[in-house]
Amino acid sequence: MSAAKQELGRRGERIAEEWLVKNGWQVIERRFKSGHRDIDLVMERQDDEGRLVAFVEVKARVSAGYGGPLGAVHWRKQREMARAARDWMSRERSAGDNFRFDVVGVLFGRGSPQVIHIENAFQVR
């Protein structure tokens, strides 16, 4: 991956994190690694049912072409995220925790970046 794409990804992750924090989430972990698998952000917030943990994939793009940032989370990426999430849960899970997978798309274009948050973006069996 080129240095420019890596920098775009890092910028997207920072913007997504800032957006999530402004919307009531707290960062548990950034760039969680499990072997070759990774999760961009592990976030938490309290809700009526206890602690809600979101495993977040961030996709940054300069255009909405080819499905935009959200179209890039295909079944293989979902499977790899689920495997990494299982590793995280085996170490960090607390009684009463609830989990979900979110995708945050950051679209860079003219003006300010656009943030699109898809809650419960996919389910894992």
# chains A, B, ... in the order shown; residues from 1 in each chain; ligands from 1

call {"tool": "residues_around", "arguments": {"residues": "A:Asp47", "least_positions_apart": "2", "cutoff": "12 Å", "atoms": "only C-alpha atoms", "output": "list in words"}}
result
Gly24, Trp25, Glu44, Arg45, Glu49, Gly50, Arg51, Leu52, Val53, Gly96, Asp97, Asn98 and Phe99 of chain A

call {"tool": "residues_around", "arguments": {"residues": "A:Asn120", "least_positions_apart": "4", "cutoff": "6 Å", "atoms": "only C-alpha atoms", "output": "count of residues only"}}
result
3

call {"tool": "select_by_dssp", "arguments": {"residues": "stretch 4-118 of chain A", "states": "helix (DSSP H, G or I)", "output": "short mmCIF file (atom, residue, chain, number, x, y, z; two decimals) with N, CA and C atoms, in the first residue's frame"}}
result
data_model
loop_
_atom_site.label_atom_id
_atom_site.label_comp_id
_atom_site.auth_asym_id
_atom_site.auth_seq_id
_atom_site.Cartn_x
_atom_site.Cartn_y
_atom_site.Cartn_z
N ALA A 4 0.74 7.37 0.58
CA ALA A 4 -0.41 8.29 0.48
C ALA A 4 -1.69 7.60 0.95
N LYS A 5 -1.89 6.34 0.56
CA LYS A 5 -3.09 5.61 0.99
C LYS A 5 -3.05 5.35 2.49
N GLN A 6 -1.87 5.04 3.02
CA GLN A 6 -1.75 4.82 4.46
C GLN A 6 -2.07 6.09 5.22
N GLU A 7 -1.59 7.22 4.74
CA GLU A 7 -1.87 8.49 5.40
C GLU A 7 -3.35 8.83 5.32
N LEU A 8 -3.99 8.56 4.18
CA LEU A 8 -5.42 8.78 4.04
C LEU A 8 -6.18 7.93 5.06
N GLY A 9 -5.77 6.68 5.22
CA GLY A 9 -6.40 5.80 6.19
C GLY A 9 -6.24 6.30 7.61
N ARG A 10 -5.04 6.76 7.96
CA ARG A 10 -4.81 7.29 9.31
C ARG A 10 -5.65 8.54 9.56
N ARG A 11 -5.74 9.41 8.56
CA ARG A 11 -6.57 10.61 8.70
C ARG A 11 -8.04 10.21 8.89
N GLY A 12 -8.49 9.23 8.11
CA GLY A 12 -9.86 8.76 8.23
C GLY A 12 -10.14 8.19 9.61
N GLU A 13 -9.20 7.42 10.15
CA GLU A 13 -9.38 6.85 11.48
C GLU A 13 -9.46 7.94 12.54
N ARG A 14 -8.63 8.97 12.44
CA ARG A 14 -8.67 10.07 13.41
C ARG A 14 -10.01 10.81 13.34
N ILE A 15 -10.47 11.07 12.12
CA ILE A 15 -11.75 11.78 11.96
C ILE A 15 -12.90 10.93 12.48
N ALA A 16 -12.89 9.63 12.16
CA ALA A 16 -13.95 8.73 12.64
C ALA A 16 -13.95 8.67 14.16
N GLU A 17 -12.78 8.56 14.76
CA GLU A 17 -12.69 8.51 16.22
C GLU A 17 -13.25 9.79 16.83
N GLU A 18 -12.84 10.95 16.32
CA GLU A 18 -13.34 12.22 16.84
C GLU A 18 -14.86 12.29 16.72
N TRP A 19 -15.40 11.85 15.59
CA TRP A 19 -16.84 11.88 15.37
C TRP A 19 -17.56 10.98 16.37
N LEU A 20 -17.04 9.77 16.57
CA LEU A 20 -17.66 8.84 17.51
C LEU A 20 -17.62 9.38 18.93
N VAL A 21 -16.49 9.94 19.34
CA VAL A 21 -16.37 10.50 20.69
C VAL A 21 -17.37 11.64 20.88
N LYS A 22 -17.51 12.49 19.88
CA LYS A 22 -18.49 13.59 19.96
C LYS A 22 -19.92 13.06 20.07
N GLY A 65 -17.11 6.69 -5.75
CA GLY A 65 -17.13 5.71 -6.83
C GLY A 65 -16.87 4.30 -6.32
N TYR A 66 -17.29 3.31 -7.08
CA TYR A 66 -17.10 1.90 -6.75
C TYR A 66 -17.68 1.52 -5.40
N GLY A 67 -18.81 2.09 -5.06
CA GLY A 67 -19.47 1.76 -3.80
C GLY A 67 -19.03 2.60 -2.63
N LEU A 70 -18.02 2.47 2.15
CA LEU A 70 -18.75 1.39 2.82
C LEU A 70 -18.80 0.11 2.00
N GLY A 71 -18.72 0.25 0.69
CA GLY A 71 -18.74 -0.93 -0.18
C GLY A 71 -17.49 -1.78 -0.08
N ALA A 72 -16.47 -1.27 0.61
CA ALA A 72 -15.19 -1.97 0.70
C ALA A 72 -15.12 -3.00 1.82
N TRP A 75 -17.15 -9.68 2.47
CA TRP A 75 -17.32 -10.81 3.38
C TRP A 75 -16.00 -11.26 4.00
N ARG A 76 -14.89 -11.19 3.26
CA ARG A 76 -13.61 -11.61 3.83
C ARG A 76 -13.19 -10.70 4.98
N LYS A 77 -13.36 -9.39 4.78
CA LYS A 77 -13.03 -8.44 5.83
C LYS A 77 -13.93 -8.65 7.04
N GLN A 78 -15.20 -8.93 6.81
CA GLN A 78 -16.12 -9.20 7.90
C GLN A 78 -15.67 -10.43 8.69
N ARG A 79 -15.28 -11.46 7.98
CA ARG A 79 -14.81 -12.69 8.63
C ARG A 79 -13.56 -12.42 9.47
N GLU A 80 -12.62 -11.67 8.92
CA GLU A 80 -11.39 -11.36 9.64
C GLU A 80 -11.66 -10.48 10.86
N MET A 81 -12.57 -9.52 10.72
CA MET A 81 -12.94 -8.69 11.87
C MET A 81 -13.58 -9.55 12.96
N ALA A 82 -14.44 -10.47 12.57
CA ALA A 82 -15.10 -11.34 13.55
C ALA A 82 -14.08 -12.18 14.31
N ARG A 83 -13.09 -12.69 13.61
CA ARG A 83 -12.06 -13.50 14.27
C ARG A 83 -11.24 -12.65 15.23
N ALA A 84 -10.87 -11.45 14.83
CA ALA A 84 -10.13 -10.56 15.72
C ALA A 84 -10.99 -10.17 16.92
N ALA A 85 -12.28 -9.91 16.68
CA ALA A 85 -13.18 -9.54 17.77
C ALA A 85 -13.30 -10.67 18.79
N ARG A 86 -13.34 -11.92 18.32
CA ARG A 86 -13.40 -13.06 19.25
C ARG A 86 -12.16 -13.07 20.14
N ASP A 87 -11.00 -12.78 19.54
CA ASP A 87 -9.77 -12.73 20.35
C ASP A 87 -9.85 -11.62 21.39
N TRP A 88 -10.33 -10.45 20.98
CA TRP A 88 -10.48 -9.33 21.90
C TRP A 88 -11.44 -9.71 23.03
N MET A 89 -12.58 -10.30 22.68
CA MET A 89 -13.58 -10.66 23.68
C MET A 89 -13.04 -11.70 24.66
N SER A 90 -12.23 -12.63 24.19
CA SER A 90 -11.70 -13.66 25.08
C SER A 90 -10.82 -13.06 26.17
N ARG A 91 -10.27 -11.88 25.92
CA ARG A 91 -9.41 -11.22 26.91
C ARG A 91 -10.10 -10.13 27.70
N GLU A 92 -11.05 -9.45 27.07
CA GLU A 92 -11.58 -8.20 27.65
C GLU A 92 -13.06 -8.24 28.02
#

call {"tool": "closest_residue", "arguments": {"among": "A:Ser63, A:Ser2, A:Asn23, A:Gln46", "to": "A:Arg110", "atoms": "only C-alpha atoms"}}
result
A:Ser63

call {"tool": "select_by_dssp", "arguments": {"residues": "stretch 2-92 of chain A", "states": "strand (DSSP E)", "output": "ChimeraX atom specification"}}
result
/A:26-34,37-47,50-61

call {"tool": "write_last_selection", "arguments": {"atoms": "C-alpha atoms", "output": "mmCIF file, in the first residue's frame"}}
result
data_model
loop_
_atom_site.group_PDB
_atom_site.id
_atom_site.type_symbol
_atom_site.label_atom_id
_atom_site.label_comp_id
_atom_site.auth_asym_id
_atom_site.auth_seq_id
_atom_site.Cartn_x
_atom_site.Cartn_y
_atom_site.Cartn_z
ATOM 1 C CA GLN A 26 -15.238 6.197 24.338
ATOM 2 C CA VAL A 27 -12.113 4.659 22.849
ATOM 3 C CA ILE A 28 -11.104 1.337 24.345
ATOM 4 C CA GLU A 29 -8.432 0.504 21.808
ATOM 5 C CA ARG A 30 -7.012 1.761 18.531
ATOM 6 C CA ARG A 31 -5.731 -0.623 15.860
ATOM 7 C CA PHE A 32 -6.268 -3.822 17.825
ATOM 8 C CA LYS A 33 -4.075 -6.564 16.329
ATOM 9 C CA SER A 34 -4.695 -10.281 16.419
ATOM 10 C CA ARG A 37 -5.984 -9.325 11.548
ATOM 11 C CA ASP A 38 -6.863 -5.911 12.885
ATOM 12 C CA ILE A 39 -9.758 -3.787 14.049
ATOM 13 C CA ASP A 40 -9.401 -0.054 13.494
ATOM 14 C CA LEU A 41 -11.278 1.070 16.608
ATOM 15 C CA VAL A 42 -12.807 -0.672 19.600
ATOM 16 C CA MET A 43 -15.308 1.735 21.156
ATOM 17 C CA GLU A 44 -17.702 1.576 24.098
ATOM 18 C CA ARG A 45 -20.652 3.386 25.569
ATOM 19 C CA GLN A 46 -23.177 2.654 28.253
ATOM 20 C CA ASP A 47 -26.775 1.999 27.299
ATOM 21 C CA GLY A 50 -25.027 -2.232 30.087
ATOM 22 C CA ARG A 51 -21.797 -1.740 28.194
ATOM 23 C CA LEU A 52 -22.064 -1.746 24.412
ATOM 24 C CA VAL A 53 -18.811 -2.494 22.581
ATOM 25 C CA ALA A 54 -18.514 -1.644 18.891
ATOM 26 C CA PHE A 55 -15.794 -3.097 16.697
ATOM 27 C CA VAL A 56 -15.362 -0.396 14.073
ATOM 28 C CA GLU A 57 -13.906 -0.634 10.585
ATOM 29 C CA VAL A 58 -13.038 2.755 9.113
ATOM 30 C CA LYS A 59 -12.929 3.236 5.351
ATOM 31 C CA ALA A 60 -11.601 6.498 3.970
ATOM 32 C CA ARG A 61 -12.017 7.412 0.325
#

call {"tool": "atom_distance", "arguments": {"atom1": "atom CA of A:Phe108", "atom2": "atom CA of A:Val62"}}
result
4.7 Å

call {"tool": "atom_distance", "arguments": {"atom1": "atom CA of A:Glu119", "atom2": "atom CA of A:Arg93"}}
result
20.2 Å

call {"tool": "atom_distance", "arguments": {"atom1": "atom CA of A:Val73", "atom2": "atom CA of A:Val106"}}
result
13.3 Å
